[in-house]
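What follows is one structure encoded as structure tokens, with my remarks underneath.
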Amino acid sequence: MKKVDFNYDIDKHERFFYFQLSERDRRQYAGLEAMRLGYNGVAIVSDKYGINRHTVRKGKSELLEQTVPPLGRVRQKGGGRKKNCSHQGIDCYIVVHFKFIYSR
């Protein structure tokens, strides 16, 4: 039987896989890789994927806590930028029309 030489570019495939994951999955995968590498793993993984070291540490802590995310959500509820106006007062009405008039 003929021996076949497999020359896979593992780093290339690993990066492709990493960027297909959701935000939370990326964080946890990076934490898992850092735990697998051991000492200085956080720095190596953050340099490899171009992410912040804090993100890798957060992924490690999420894995160690074994928290289960709510179904259908990647980010926590209430995140993101707050709205400028509350849609309940006249101030919001003025702001919206002012933006409409001057955006032409």
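A note on labels: chains of the structure tokens are A, B, ... as shown, every chain counts residues from 1, and ligands are counted from 1 in their shown order.
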(message) Residues near range 11-18 of chain A, anyone? I mean within 9 Å using only C-alpha atoms, not counting same-chain ones fewer than 5 positions away, as a list of chain:residue names.
(response)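 Returned residues: A:Asp25, A:Arg26, A:Tyr29, A:Ala30, A:Lys48, A:Tyr49.
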(request) Assign secondary structure with DSSP using the backbone only, and return the residues of range 6-52 of chain A in helix (DSSP H, G or I) as a ChimeraX atom specification. (result) /A:10-18,23-37,41-49
Can I get the selected residues back with C-alpha atoms, as a CSV table (one decimal), in the first residue's frame?
chain,number,residue,atom,x,y,z
A,10,ILE,CA,-3.5,23.6,9.8
A,11,ASP,CA,-3.2,27.3,10.8
A,12,LYS,CA,-5.0,28.4,7.6
A,13,HIS,CA,-7.9,26.0,8.3
A,14,GLU,CA,-8.0,26.9,12.0
A,15,ARG,CA,-8.3,30.6,11.2
A,16,PHE,CA,-11.1,29.8,8.7
A,17,PHE,CA,-12.9,27.8,11.3
A,18,TYR,CA,-12.4,30.5,14.0
A,23,GLU,CA,-18.7,36.2,19.0
A,24,ARG,CA,-19.2,34.1,22.1
A,25,ASP,CA,-17.9,30.9,20.5
A,26,ARG,CA,-14.8,32.7,19.3
A,27,ARG,CA,-14.1,34.0,22.7
A,28,GLN,CA,-14.5,30.5,24.3
A,29,TYR,CA,-12.5,28.8,21.6
A,30,ALA,CA,-9.6,31.2,22.1
A,31,GLY,CA,-9.9,30.5,25.9
A,32,LEU,CA,-9.8,26.8,25.2
A,33,GLU,CA,-6.7,27.1,23.0
A,34,ALA,CA,-5.0,29.3,25.7
A,35,MET,CA,-5.7,26.7,28.3
A,36,ARG,CA,-4.4,23.9,26.0
A,37,LEU,CA,-1.1,25.9,25.5
A,41,GLY,CA,-1.1,30.7,26.1
A,42,VAL,CA,-3.1,33.9,26.4
A,43,ALA,CA,-0.4,36.0,24.7
A,44,ILE,CA,0.1,33.4,21.9
A,45,VAL,CA,-3.6,33.0,21.1
A,46,SER,CA,-4.2,36.8,21.2
A,47,ASP,CA,-1.3,37.3,18.7
A,48,LYS,CA,-2.4,34.4,16.5
A,49,TYR,CA,-6.0,35.6,16.1
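For the pair CA of Asp9 in chain A and CA of Asn52 in chain A, the separation is 24.6 Å.
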(request) Give me, please, the distance in Å between CA of Phe19 in chain A and CA of Tyr39 in chain A, quoted to one decimal. (result)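 Taking CA of Phe19 in chain A and CA of Tyr39 in chain A, their separation equals 24.6 Å.
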